Amino acid sequence: MIWVDTILQGILLGGLYALFAAGLSLVFGIMRLVNLAHGDLIVMGAYLILLLVTLLGLSPFLAALIAMPVMFLLGWALQKFLLNRTLGDDILPPLLVTFGLSIALQNALLETFSADSQRLPTDALTTASVQMGPISLGVMPLLTFASAVAVIVGLNQLFYRTELGRAFRATSDDATTASLMGIKPANIFATATGIALVIVTIAALYLGLRANFDPNIGPARLIYAFEAVIIGGLGSLWGTLVGGIIIGVAQTLGAAINPEWQILSGHIAFLLVLLVRPRGLFPRAHD
Amino acid sequence: MSLLSTQNLVAHYGDFQALFGVDIEFGEAETIAIIGANGAGKTTLMRSIAGVLSNHANAVRFDGAEIGALPADEIMAQGVAMVPEGRKLFPSLSVEENLLIGTYGRKKSGQWTLDTVYELFPILRERRHTPGTALSGGQQQMVAIGRALMSNPRVLLCDEISLGLAPVVIKDIYKAVPAIKAAGASIIVVEQDIAQALAVADRVYCMMEGRVTLSGTPGSLSREAIHNAYFGAHQ
Amino acid sequence: MNILSLQNVSKSFGALTVTDDASFDVPQGEALGIIGPNGAGKSTLFNLITGNLRADQGTITFEGRDVTRVSAMERCLTGIGRSFQIPQPFEKLTVYENLLVAATHGRNLSEAAVLDDCADVLERTELIRRANTPAGQLSLLERKRLELARAMATQPKLLLLDEIAGGLTEGECKALIGTIRDIHARGVTIIWIEHVLHALTSVVERLLVLDFGRVIGLGDPEEIMASREVQEIYLGIEV
Amino acid sequence: QGAKIRLGYVSPQSGPLAAFSEADQFIIDGFLGSDAGGNFEVIVKDSQSNPNRAAEVAGELIIDEEIDLMLVASTPETTNPVATTCEAEGIPVISTVAPWQPWFIGQQGNPGDPGSWRPFDYSFHFFWGLEDVISTFTAMWNQLDTNKQVGGLFPNDGDGNAWGDPNVGFPQPLDAQGYGLTDPGRYQNLTDDFSAQINAFKAANCEIVTGVPIPPDFTTFWTQAKQQGFTPKAASIGKAILFPQAVEALGDQGHNLSSEVWWSPTHPFASSLTGQSAGELAAGYTTATGKQWTQPIGFVHALFEMAADVMGRVEDSRDPDEVAAAIAATQLKSIVGRLAFDGAGLPPFAAANIAKTPLVGGQWRLKDSGGYDLVIVDNSDHPDIPTGGTMEEIS
Amino acid sequence: MAYSVSTQTPASRIAALAGTVLILALIALPFIAGRSTIRDMFFILTMLVLAQFWNLLAGYGGLVSIGQQAFVGAGAYALFGTVILWGVDPVPAILFAGIAALIIAVPTAFFAFRLNGAYFAIGTWVIAEVVRLLVSQWKTLGGGTGTSLPRDATGDMWFVGAIETALDVRSAAARDILAYWLALALALATIGGIYWLLRTRRGLALAAVRDNVEAAKSVGVDAGRMKWIVFLTSAFGTGLAGGLIYMQKARISPDAAFSVTDWTAYVIFIVVIGGIGTIEGPIIGVLVFFALQSLLADFGSWYLMTLGVLAIVIMLVAPRGLWGLLSERTGLHLFPIRRRLSGGMTERKETS
Ligand SMILES: Nc1ncnc2c1ncn2[C@@H]1O[C@H](COP(=O)(O)OP(=O)(O)OP(=O)(O)O)[C@@H](O)[C@H]1O
Ligand SMILES: Nc1ncnc2c1ncn2[C@@H]1O[C@H](COP(=O)(O)OP(=O)(O)OP(=O)(O)O)[C@@H](O)[C@H]1O
Ligand SMILES: [Mg+2]
Ligand SMILES: [Mg+2]
């Protein structure tokens, strides 16, 4: 029974990782942009929600709702005025710029909010659980997982059912030809990053409800998010969920053997998947 | 009055200069052909007009306005659509989605809709849900043309639409040209196949090494003159 | 003896079959021309022979050795040299350095040992005055010459030329033909893809016709050119 | 002589450990404003919570600033690189706010081989040791009615390795007192899931939890424990719930969590520098900054008390050997209690370099007005420090 | 007329002369400068070595790795391991640092070479994390706590006694001077070695592969082997630097030795600010980085914020770095690698 519990907890943890990764997956899939500041953007989102909660006395969920449009605009502007200028065949400019952004953001948060660890206000929901036979699953992790699935379903709808989604895919395939179709790649990219930051806000909500955060906690999560995106396959959103789950389950299984192996097992699972499938589990047919 | 013209158009790829002051012009409802050997700069000329390569504002004029410095999407919005060399379909999109992308962000309706494009190329209706890249070369070319038409352009730039196609298929494709003209669009065709070009065009420009070396109506040009313009000749 | 032979070689990109069951032999010392419509698969065939692409099926034999699975680099070392249809110079290197890479690595020699050979090739391809110019700054014609020069610098036994005469003036074309004849006269086997037919036919001994990836004709140039099929599909002349 | 004595001070003012240094400026201002403080100049450097940086700034202080004495505080990640540098440079250093074992053993070449351990010539440290936490924690647990099964949460870092160490850490003393310890193994900091530990604790039927996680990890653990139906009677945790903000982050779930208390406003000690009592110092901090008092305040203050006392007893403050000898001879009644390197309560190998300070146990109690108070509930080892209540079970 | 080839330019001849003088001055530095200068120079030189090797990897080999900390850490731990467990003197133990990094590099390369571009970057980062986590389990060297070099080992290190008497300094200062000379030797060997490599036909091939892989393969360049050479060389050198850095620090912990920020991010910053793909770039970059650090480091988070913003600004306004900007304007090259063919018909004017 312990094994079943371990795997279930791993799957739920995978949901959290997938949520961290979904925004990254969107940006990486559409623009091949390696955003090293993604983790810090999540932390920034958490602070924004916290600010709304303390200033307006809102519930965190409502505050996240208000934070979303703000974060969208921020992402839009970030891409339009900064990141678009780094795109190209060379992966170094985006790497360096987002690294610069990452340390600038971390330290700006530190100056503004101090190093104290914070948490979004919690209520009974945080520690509530549902009993499934002998196994007790937290309501919050279940909610996190459900949100991850919802985000991915939502993104898939957007991608495959709307005109904007068509433009996303076309621009991602070939930005030059897309511009010949009257699409402004710069705006498409900005919109994509805007949407990514909306997802970041959702991730930030669960990050802040789940445990403490402080300005420096971002980068530690980034690597899992990247792993989830890469083993899922570039541009595959469901792949990102599967990738998150693989890392989550690998971690809990490793920990069940010995907590020393917890994080290591996640990384090793990542390396093993790439060893067998260097382009991830669900790569695009073309690239 | 000319509908679209270029004045002293130049283009560079990094250090390499591909066009050296090209002047062409053509009018409403006219079809012109641009011919020239491999690497003469035909594609570069098309890309400059379409705004993929940017230029001085006054290097390209369209309908009286200077559009040389505009980005591709805005030039497209003004009514200049391009069928790019090598088809360039979006592999992530189905045939129908590839066609629909031509209408992106435009409410304006016109002669060309999904239905009329399917009428022009009936085979596409059957294959509309397959990924664009799973089609044969000729069918892909039809999608590429249809995609450009979906924006109801006033000028259609066609870059080597016969490239890599069997003669039969080429005939099929060129059969569509009169219908497109009839719908009111002016057309620029880039071709390596001289015979084909001469057959459809009202006027012909011949390019070599980034310069226009000859122009005129098909009837007025001798084989000899074209040959010289194509390959250069002793002075 | 055959220097190169292809047996049932096929290659597809996704659903598109670009080389379809191609089989032919090239005797040592021959000059073979390849023609065919755009997109017939001519350049792809070259890529298969040089190893820049791997064949899906079939075998490629060079000097009696099966090289189907051998890398492009090793095939170069065994004596297959090529030029690219779209010139692919090393843009940041000078013209001389472009040749130097080919000469030192393609033959595994030191820089000093190949100095004179490189200078000689530069002279023969009339690039000598541009020796110290970064290749990125060359004009199209110079790039095409560089393609040829770089292929020659590896001192290949089999030289594959992909449309190097396209866009040349007649005078330049004559000079080029002279150069190629000269190379051929030194015993190098040549396979040449060209749309400029008069240039091609003035050098090659046999002509191969490709259409939709299939070999549809191989033989004496004049006979091939006169054949009904070629007239129709290649020259577009209604017969 | 007009030249002032130069003190170097390294602490983590930015980065994840910054909470430890929040009171630094307040303390230093107070020190410089005191009578003795007038003779000193304090050069402050930020370790940025980064051990590489800590060693680097220590070098700068010694070489560029030519300091006479180094002071360093807060966690082995800061104190150890600085002390190692000073020892190598032959500059005296006084260090605090790290249990003495990770400080002393952690600086030895081979921590696994006690035979190879050597005392230091220039490095001195005052704080309590693991034996004190163990004794305090067990005394608190003894006040409750439990099955004596303890679950251990020890990370793979300086503190966690020391707490869980079979020789110097929890296992042996707990065993001796009849407690059973379930230690699933060293996890990495910033772990996102503690199901493995929770399952292990449940399986062993643990009613007590102890450990030294970092704050975010403890929040994750504690929340997951509740979700997965693991409800121990006592949770005595080092480090993670040191600061009130960290406990507040737990919402209502922080009530009755227990922790070691090294210093509080109710400690019956006074500053040798300013004469302020512990309560006055804490109140002064709250007035100056508007923030609740924290435990490092007393110890950082004591560091500067030590500096003033030591330098008052030397002829030539520029002579490292004389200064080191003066430190070793310290007999000071400070705001954290009596400081003397007399080896009291220490094994012989550490006697020369370490002075122990008293440790008691406390519990965080939810205030009616919101927020938490730290109430001292056990003083078995130091009856002179008054308690404010008795140990309660986590309901 | 016969042809000849040379790589020298008038500027490079002057640079070579100035360089020789500079090297002599650097060697003599401990006799004239104070300890703080020596330590600053040690920092500059070791960061320069790391930067040069990362530049070799990314700038010349096109392999953008963000896992260099694996080699710094492995080298550093190898040094501590051999000193503490085997009782080897720290100076020769530096060699083991390089070898350990090399040993780690082989499986890393085997794995990472299956990946491209961004995947390669993330892959190397994950591998470095794996190495860090494994080393954190190594209990004899302190696990996650870390450990210090035993004082008797650092006290009577090779050459320290000799330097003490020769320069009449304290033992701590003598250790700094020794570390400085070792760093100087390593930096000179690195720059010299890389410059030499770039001037051989291998270096030419490297440039060719960077410009166009397919064409390079077609003229007989073994692109795969070039990648291996570059990766292993860079790992070895990075490992040596890691060993040396931690020999001087005398204290190690996994978080410090495998810090992605200190050993990779800052190094990338240095290279890119200075100018990637040139030998001069990292030299300029490290000087800028050092200047920033000494001016601003005491401002804590403001310093780091400035660094971040500067990285962004430089990337946007001068993507080829400060040296790129300078050499574009002036055509200056201190380490010319371009071969100029002269004599014969090269000089004949073109007749039109
Ligand atoms: N992206 C590019 N980068 C560098 N050079 C280019 C690029 N595209 C084209 N060129 C060069 O510009 C010149 C003109 O090319 P262009 O494609 O316009 O010729 P074209 O007449 O369309 O030839 P083709 O008949 O082969 O399509 C050629 O020499 C080509 O090599
Ligand atoms: N890497 C590739 N991926 C997909 N399709 C390709 C690829 N390379 C070539 N093709 C396709 O294969 C077909 C044959 O191309 P190839 O370049 O061999 O033609 P060619 O005979 O050399 O034509 P041309 O005379 O125009 O040079 C074309 O339809 C082309 O689009
Ligand atoms: Mg073209
Ligand atoms: Mg071709």
# chains A, B, ... in the order shown; residues from 1 in each chain; ligands from 1
call {"tool": "closest_atom_pairs", "arguments": {"of": "chain A", "to": "chain D", "cutoff": "7 Å", "atoms": "only C-alpha atoms", "output": "tab-separated table"}}
result
residue	atom	partner	partner_atom	distance
A:Thr6	CA	D:Ser195	CA	6.8
A:Gln9	CA	D:Ser195	CA	7.0
A:Ala115	CA	D:Ala18	CA	5.6
A:Asp116	CA	D:Ala19	CA	6.0
A:Ser117	CA	D:Ala246	CA	6.3
A:Gln118	CA	D:Ala249	CA	5.9
A:Arg119	CA	D:Ala249	CA	5.1
A:Pro121	CA	D:Gly251	CA	6.6
A:Thr122	CA	D:Gly251	CA	6.0
A:Thr127	CA	D:Gln227	CA	4.9
A:Ala128	CA	D:Gln227	CA	5.7
A:Ser129	CA	D:Gln227	CA	5.1
A:Ser136	CA	D:Gln228	CA	5.1
A:Leu137	CA	D:Gln228	CA	6.1
A:Gly138	CA	D:Gln227	CA	4.6
A:Arg210	CA	D:Thr220	CA	6.6
A:Ala211	CA	D:Thr220	CA	5.1
A:Asn212	CA	D:Pro216	CA	4.6
A:Phe213	CA	D:Pro216	CA	6.7
A:Asn216	CA	D:Pro16	CA	6.4
A:Thr252	CA	D:Ala196	CA	6.8
A:Ala255	CA	D:Ala196	CA	5.7
A:Ala256	CA	D:Ala196	CA	4.9
A:Asn258	CA	D:Gly185	CA	6.0
A:Pro259	CA	D:Tyr187	CA	4.8
A:Glu260	CA	D:Tyr187	CA	4.8
call {"tool": "write_last_selection", "arguments": {"atoms": "C-alpha atoms", "output": "PDB file, in the first residue's frame"}}
result
ATOM      1  CA  THR A   6       4.213   6.799  -2.934  1.00  0.00           C
ATOM      2  CA  GLN A   9       1.970  11.357  -4.144  1.00  0.00           C
ATOM      3  CA  ALA A 115      14.572  37.856   2.670  1.00  0.00           C
ATOM      4  CA  ASP A 116      11.860  36.769   5.104  1.00  0.00           C
ATOM      5  CA  SER A 117      10.048  33.708   3.952  1.00  0.00           C
ATOM      6  CA  GLN A 118       6.401  34.360   3.233  1.00  0.00           C
ATOM      7  CA  ARG A 119       3.351  32.338   2.598  1.00  0.00           C
ATOM      8  CA  PRO A 121      -2.676  33.033   4.065  1.00  0.00           C
ATOM      9  CA  THR A 122      -3.976  29.552   4.535  1.00  0.00           C
ATOM     10  CA  THR A 127      -4.464  20.840   5.370  1.00  0.00           C
ATOM     11  CA  ALA A 128      -7.725  19.190   4.320  1.00  0.00           C
ATOM     12  CA  SER A 129      -7.551  15.744   2.815  1.00  0.00           C
ATOM     13  CA  SER A 136      -5.109  10.027   2.422  1.00  0.00           C
ATOM     14  CA  LEU A 137      -4.587  12.608  -0.313  1.00  0.00           C
ATOM     15  CA  GLY A 138      -4.352  16.326   0.364  1.00  0.00           C
ATOM     16  CA  ARG A 210       1.824  25.036  -0.566  1.00  0.00           C
ATOM     17  CA  ALA A 211       4.895  26.240   1.294  1.00  0.00           C
ATOM     18  CA  ASN A 212       7.044  29.240   2.071  1.00  0.00           C
ATOM     19  CA  PHE A 213       8.604  31.318  -0.611  1.00  0.00           C
ATOM     20  CA  ASN A 216      15.693  33.283  -3.824  1.00  0.00           C
ATOM     21  CA  THR A 252       8.977   9.992  -4.482  1.00  0.00           C
ATOM     22  CA  ALA A 255      12.860   9.001  -1.569  1.00  0.00           C
ATOM     23  CA  ALA A 256      11.017   5.884  -0.504  1.00  0.00           C
ATOM     24  CA  ASN A 258      16.272   6.649   0.774  1.00  0.00           C
ATOM     25  CA  PRO A 259      15.608  10.400   0.988  1.00  0.00           C
ATOM     26  CA  GLU A 260      19.199  10.905  -0.146  1.00  0.00           C
TER      27      GLU A 260
END
call {"tool": "residues_near_ligand", "arguments": {"ligand": "ligand 4", "cutoff": "6 Å", "atoms": "only C-alpha atoms and all ligand atoms", "output": "PDB file with N, CA, C and O atoms, in the first residue's frame"}}
result
ATOM      1  N   LYS C  42      18.323  15.448 -57.909  1.00  0.00           N
ATOM      2  CA  LYS C  42      19.727  15.404 -58.327  1.00  0.00           C
ATOM      3  C   LYS C  42      20.652  15.743 -57.161  1.00  0.00           C
ATOM      4  O   LYS C  42      21.590  14.997 -56.853  1.00  0.00           O
ATOM      5  N   SER C  43      20.363  16.850 -56.508  1.00  0.00           N
ATOM      6  CA  SER C  43      21.231  17.238 -55.385  1.00  0.00           C
ATOM      7  C   SER C  43      21.163  16.213 -54.264  1.00  0.00           C
ATOM      8  O   SER C  43      22.153  15.922 -53.594  1.00  0.00           O
ATOM      9  N   GLN C  85      25.356  23.030 -54.512  1.00  0.00           N
ATOM     10  CA  GLN C  85      24.587  23.832 -55.451  1.00  0.00           C
ATOM     11  C   GLN C  85      24.420  25.264 -54.919  1.00  0.00           C
ATOM     12  O   GLN C  85      24.664  26.225 -55.621  1.00  0.00           O
TER      13      GLN C  85
END
call {"tool": "select_by_dssp", "arguments": {"residues": "region 74-195 of chain C", "states": "alpha helix (DSSP H)", "output": "PyMOL selection string"}}
result
chain C and resi 74-78+95-107+111-124+140-153+170-185
call {"tool": "write_last_selection", "arguments": {"atoms": "C-alpha atoms", "output": "compact mmCIF listing (two decimals), in the first residue's frame"}}
result
# COMPACT_ATOMS: atom_id res chain seq x y z
CA GLU C 74 35.49 9.52 -44.12
CA ARG C 75 34.10 9.43 -47.63
CA CYS C 76 35.97 12.64 -48.29
CA LEU C 77 39.16 11.07 -47.02
CA THR C 78 38.70 8.09 -49.33
CA VAL C 95 39.34 32.15 -49.33
CA TYR C 96 42.78 30.71 -48.71
CA GLU C 97 41.76 29.34 -45.34
CA ASN C 98 38.70 27.75 -46.91
CA LEU C 99 41.01 25.82 -49.16
CA LEU C 100 43.38 25.10 -46.36
CA VAL C 101 40.71 23.34 -44.33
CA ALA C 102 39.90 21.14 -47.27
CA ALA C 103 43.50 20.46 -48.20
CA THR C 104 44.79 19.66 -44.72
CA HIS C 105 41.84 17.63 -43.47
CA GLY C 106 40.73 16.05 -46.71
CA ARG C 107 44.23 14.68 -47.22
CA GLU C 111 49.63 23.28 -43.66
CA ALA C 112 53.12 23.73 -45.02
CA ALA C 113 52.80 20.69 -47.25
CA VAL C 114 49.70 21.96 -49.00
CA LEU C 115 50.66 25.60 -49.44
CA ASP C 116 51.71 25.28 -53.05
CA ASP C 117 48.82 23.03 -54.00
CA CYS C 118 46.36 25.53 -52.56
CA ALA C 119 48.01 28.44 -54.32
CA ASP C 120 47.94 26.44 -57.53
CA VAL C 121 44.22 25.71 -57.19
CA LEU C 122 43.59 29.39 -56.41
CA GLU C 123 45.44 30.40 -59.53
CA ARG C 124 43.60 27.94 -61.71
CA LEU C 140 28.07 34.81 -56.33
CA LEU C 141 30.47 33.89 -59.10
CA GLU C 142 33.40 33.91 -56.76
CA ARG C 143 31.47 31.74 -54.36
CA LYS C 144 30.85 29.23 -57.10
CA ARG C 145 34.52 29.23 -57.96
CA LEU C 146 35.34 28.74 -54.33
CA GLU C 147 33.06 25.71 -54.25
CA LEU C 148 35.02 24.20 -57.09
CA ALA C 149 38.36 25.23 -55.65
CA ARG C 150 37.59 23.80 -52.26
CA ALA C 151 36.47 20.50 -53.74
CA MET C 152 39.65 20.35 -55.80
CA ALA C 153 41.80 21.06 -52.79
CA GLU C 170 29.81 32.77 -71.72
CA GLY C 171 33.42 33.70 -71.34
CA GLU C 172 33.47 32.53 -67.75
CA CYS C 173 31.66 29.41 -68.74
CA LYS C 174 34.34 28.60 -71.32
CA ALA C 175 37.05 29.12 -68.74
CA LEU C 176 35.23 26.86 -66.35
CA ILE C 177 34.84 24.16 -68.97
CA GLY C 178 38.56 24.40 -69.55
CA THR C 179 39.27 23.97 -65.88
CA ILE C 180 36.99 20.98 -65.58
CA ARG C 181 38.47 19.34 -68.67
CA ASP C 182 41.86 19.91 -67.16
CA ILE C 183 40.84 18.20 -63.92
CA HIS C 184 39.31 15.37 -65.85
CA ALA C 185 42.43 15.00 -67.92
call {"tool": "select_by_dssp", "arguments": {"residues": "region 27-241 of chain D", "states": "strand (DSSP E or B)", "output": "ChimeraX atom specification"}}
result
/D:40-46,69-73,93-96,123-126,149-153,155,180-182,187,208-211,234-237
call {"tool": "residues_around", "arguments": {"residues": "Ala101 (chain E)", "least_positions_apart": "3", "cutoff": "8 Å", "atoms": "only C-alpha atoms", "output": "PyMOL selection string"}}
result
chain E and resi 70-72+74-75+97-98+104-105+235-236+238-239
call {"tool": "write_last_selection", "arguments": {"atoms": "N, CA and C atoms", "output": "PDB file, in the first residue's frame"}}
result
ATOM      1  N   ALA E  70      30.309  21.488 -12.872  1.00  0.00           N
ATOM      2  CA  ALA E  70      30.593  20.070 -12.615  1.00  0.00           C
ATOM      3  C   ALA E  70      32.101  19.846 -12.593  1.00  0.00           C
ATOM      4  N   PHE E  71      32.809  20.514 -13.494  1.00  0.00           N
ATOM      5  CA  PHE E  71      34.253  20.278 -13.596  1.00  0.00           C
ATOM      6  C   PHE E  71      35.021  21.051 -12.530  1.00  0.00           C
ATOM      7  N   VAL E  72      34.543  22.255 -12.232  1.00  0.00           N
ATOM      8  CA  VAL E  72      35.169  22.998 -11.127  1.00  0.00           C
ATOM      9  C   VAL E  72      35.027  22.174  -9.847  1.00  0.00           C
ATOM     10  N   ALA E  74      34.235  18.933  -9.411  1.00  0.00           N
ATOM     11  CA  ALA E  74      34.906  17.638  -9.431  1.00  0.00           C
ATOM     12  C   ALA E  74      36.400  17.836  -9.202  1.00  0.00           C
ATOM     13  N   GLY E  75      36.971  18.851  -9.851  1.00  0.00           N
ATOM     14  CA  GLY E  75      38.392  19.119  -9.672  1.00  0.00           C
ATOM     15  C   GLY E  75      38.705  19.469  -8.227  1.00  0.00           C
ATOM     16  N   ALA E  97      43.090  17.053  -9.928  1.00  0.00           N
ATOM     17  CA  ALA E  97      41.860  17.813 -10.147  1.00  0.00           C
ATOM     18  C   ALA E  97      41.503  17.802 -11.629  1.00  0.00           C
ATOM     19  N   GLY E  98      42.527  18.063 -12.464  1.00  0.00           N
ATOM     20  CA  GLY E  98      42.283  18.051 -13.899  1.00  0.00           C
ATOM     21  C   GLY E  98      41.855  16.680 -14.374  1.00  0.00           C
ATOM     22  N   ILE E 104      35.117  12.717 -15.406  1.00  0.00           N
ATOM     23  CA  ILE E 104      33.686  13.044 -15.399  1.00  0.00           C
ATOM     24  C   ILE E 104      33.223  13.456 -16.791  1.00  0.00           C
ATOM     25  N   ALA E 105      34.129  14.108 -17.528  1.00  0.00           N
ATOM     26  CA  ALA E 105      33.740  14.678 -18.825  1.00  0.00           C
ATOM     27  C   ALA E 105      33.399  13.589 -19.843  1.00  0.00           C
ATOM     28  N   ALA E 235      37.167  20.642 -20.166  1.00  0.00           N
ATOM     29  CA  ALA E 235      36.894  20.035 -18.858  1.00  0.00           C
ATOM     30  C   ALA E 235      38.184  19.928 -18.047  1.00  0.00           C
ATOM     31  N   PHE E 236      39.248  19.492 -18.702  1.00  0.00           N
ATOM     32  CA  PHE E 236      40.519  19.318 -18.000  1.00  0.00           C
ATOM     33  C   PHE E 236      40.990  20.652 -17.425  1.00  0.00           C
ATOM     34  N   THR E 238      39.259  23.365 -16.863  1.00  0.00           N
ATOM     35  CA  THR E 238      38.338  23.860 -15.853  1.00  0.00           C
ATOM     36  C   THR E 238      38.574  23.129 -14.529  1.00  0.00           C
ATOM     37  N   GLY E 239      38.854  21.832 -14.620  1.00  0.00           N
ATOM     38  CA  GLY E 239      39.139  21.056 -13.411  1.00  0.00           C
ATOM     39  C   GLY E 239      40.402  21.547 -12.719  1.00  0.00           C
TER      40      GLY E 239
END
call {"tool": "residues_near_ligand", "arguments": {"ligand": "ligand 3", "cutoff": "7 Å", "atoms": "only C-alpha atoms and all ligand atoms", "output": "CSV table (one decimal) with N, CA and C atoms, in the first residue's frame"}}
result
chain,number,residue,atom,x,y,z
B,38,ASN,N,19.7,30.6,-62.0
B,38,ASN,CA,19.8,30.3,-60.5
B,38,ASN,C,20.6,31.4,-59.9
B,39,GLY,N,20.1,31.9,-58.8
B,39,GLY,CA,20.9,32.9,-58.0
B,39,GLY,C,21.0,34.3,-58.6
B,41,GLY,N,18.8,36.5,-58.3
B,41,GLY,CA,18.3,37.5,-57.4
B,41,GLY,C,16.8,37.7,-57.5
B,42,LYS,N,16.1,36.7,-58.1
B,42,LYS,CA,14.7,36.8,-58.3
B,42,LYS,C,13.9,36.7,-57.0
B,43,THR,N,14.3,35.7,-56.2
B,43,THR,CA,13.7,35.5,-54.9
B,43,THR,C,13.9,36.7,-54.0
B,85,GLU,N,8.9,30.9,-52.4
B,85,GLU,CA,9.6,29.9,-53.1
B,85,GLU,C,9.7,28.7,-52.1
B,159,ASP,N,6.6,33.0,-56.5
B,159,ASP,CA,8.0,32.7,-56.7
B,159,ASP,C,8.2,31.2,-57.1
B,160,GLU,N,8.5,31.0,-58.3
B,160,GLU,CA,8.8,29.7,-58.9
B,160,GLU,C,7.7,28.6,-58.4
call {"tool": "atom_distance", "arguments": {"atom1": "CA of Asp64 (chain D)", "atom2": "CA of Ser36 (chain E)"}}
result
5.7 Å
call {"tool": "residues_around", "arguments": {"residues": "Val53 (chain A)", "least_positions_apart": "3", "cutoff": "12 Å", "atoms": "only C-alpha atoms", "output": "list in words"}}
result
Ala46, Tyr47, Leu48, Ile49, Leu50, Leu56, Gly57, Leu58, Ser59, Pro60, Phe61, Leu62, Ala63, Ala64, Leu65, Ile66, Ala67, Arg119, Leu120, Pro121, Thr122, Leu205 and Gly208 of chain A
call {"tool": "interface_residues", "arguments": {"of": "chain E", "to": "chain D", "cutoff": "7 Å", "atoms": "only C-alpha atoms", "output": "number ranges by chain"}}
result
E: 35-36, 84, 140-150, 172, 249, 251, 256, 298, 300-301
call {"tool": "write_last_selection", "arguments": {"atoms": "C-alpha atoms", "output": "PDB file, in the first residue's frame"}}
result
ATOM      1  CA  ARG E  35      49.031  40.817  -0.729  1.00  0.00           C
ATOM      2  CA  SER E  36      45.687  42.257  -1.626  1.00  0.00           C
ATOM      3  CA  ILE E  84      42.957  14.409   2.867  1.00  0.00           C
ATOM      4  CA  THR E 140      34.250  11.089   4.303  1.00  0.00           C
ATOM      5  CA  LEU E 141      34.579  14.517   2.714  1.00  0.00           C
ATOM      6  CA  GLY E 142      31.852  15.968   4.867  1.00  0.00           C
ATOM      7  CA  GLY E 143      28.779  15.265   2.695  1.00  0.00           C
ATOM      8  CA  GLY E 144      26.593  18.321   2.380  1.00  0.00           C
ATOM      9  CA  THR E 145      28.522  20.034   5.190  1.00  0.00           C
ATOM     10  CA  GLY E 146      31.798  20.258   3.350  1.00  0.00           C
ATOM     11  CA  THR E 147      35.263  20.180   4.796  1.00  0.00           C
ATOM     12  CA  SER E 148      38.497  22.141   5.156  1.00  0.00           C
ATOM     13  CA  LEU E 149      42.025  21.293   4.039  1.00  0.00           C
ATOM     14  CA  PRO E 150      44.011  20.024   7.027  1.00  0.00           C
ATOM     15  CA  ALA E 172      49.862  32.802   4.654  1.00  0.00           C
ATOM     16  CA  LYS E 249      40.234  28.756  -0.383  1.00  0.00           C
ATOM     17  CA  ARG E 251      37.488  25.102   2.449  1.00  0.00           C
ATOM     18  CA  ALA E 256      29.976  26.277  -3.095  1.00  0.00           C
ATOM     19  CA  ASP E 298      29.558  45.931  -0.856  1.00  0.00           C
ATOM     20  CA  GLY E 300      24.799  43.551  -1.782  1.00  0.00           C
ATOM     21  CA  SER E 301      21.637  43.134  -3.745  1.00  0.00           C
TER      22      SER E 301
END
call {"tool": "interface_residues", "arguments": {"of": "chain A", "to": "chain E", "cutoff": "8 Å", "atoms": "only C-alpha atoms", "output": "PyMOL selection string"}}
result
chain A and resi 32+34+85-86+91-93+96-105+107-108+110-111+223+226-227+230+260+264+267-268+271+275+278-279
call {"tool": "residues_around", "arguments": {"residues": "Val260 (chain E)", "least_positions_apart": "6", "cutoff": "8 Å", "atoms": "only C-alpha atoms", "output": "PyMOL selection string"}}
result
chain E and resi 66-69
call {"tool": "residues_around", "arguments": {"residues": "Asp321 (chain D)", "least_positions_apart": "2", "cutoff": "12 Å", "atoms": "only C-alpha atoms", "output": "list in words"}}
result
Asp68, Leu69, Glu87, Glu89, Gly90, Ile91, Pro92, Val93, Asp121, Tyr122, Ser123, Val314, Glu315, Asp316, Ser317, Arg318, Asp319, Val323, Ala324, Ala325, Ala326, Ile327 and Ala328 of chain D
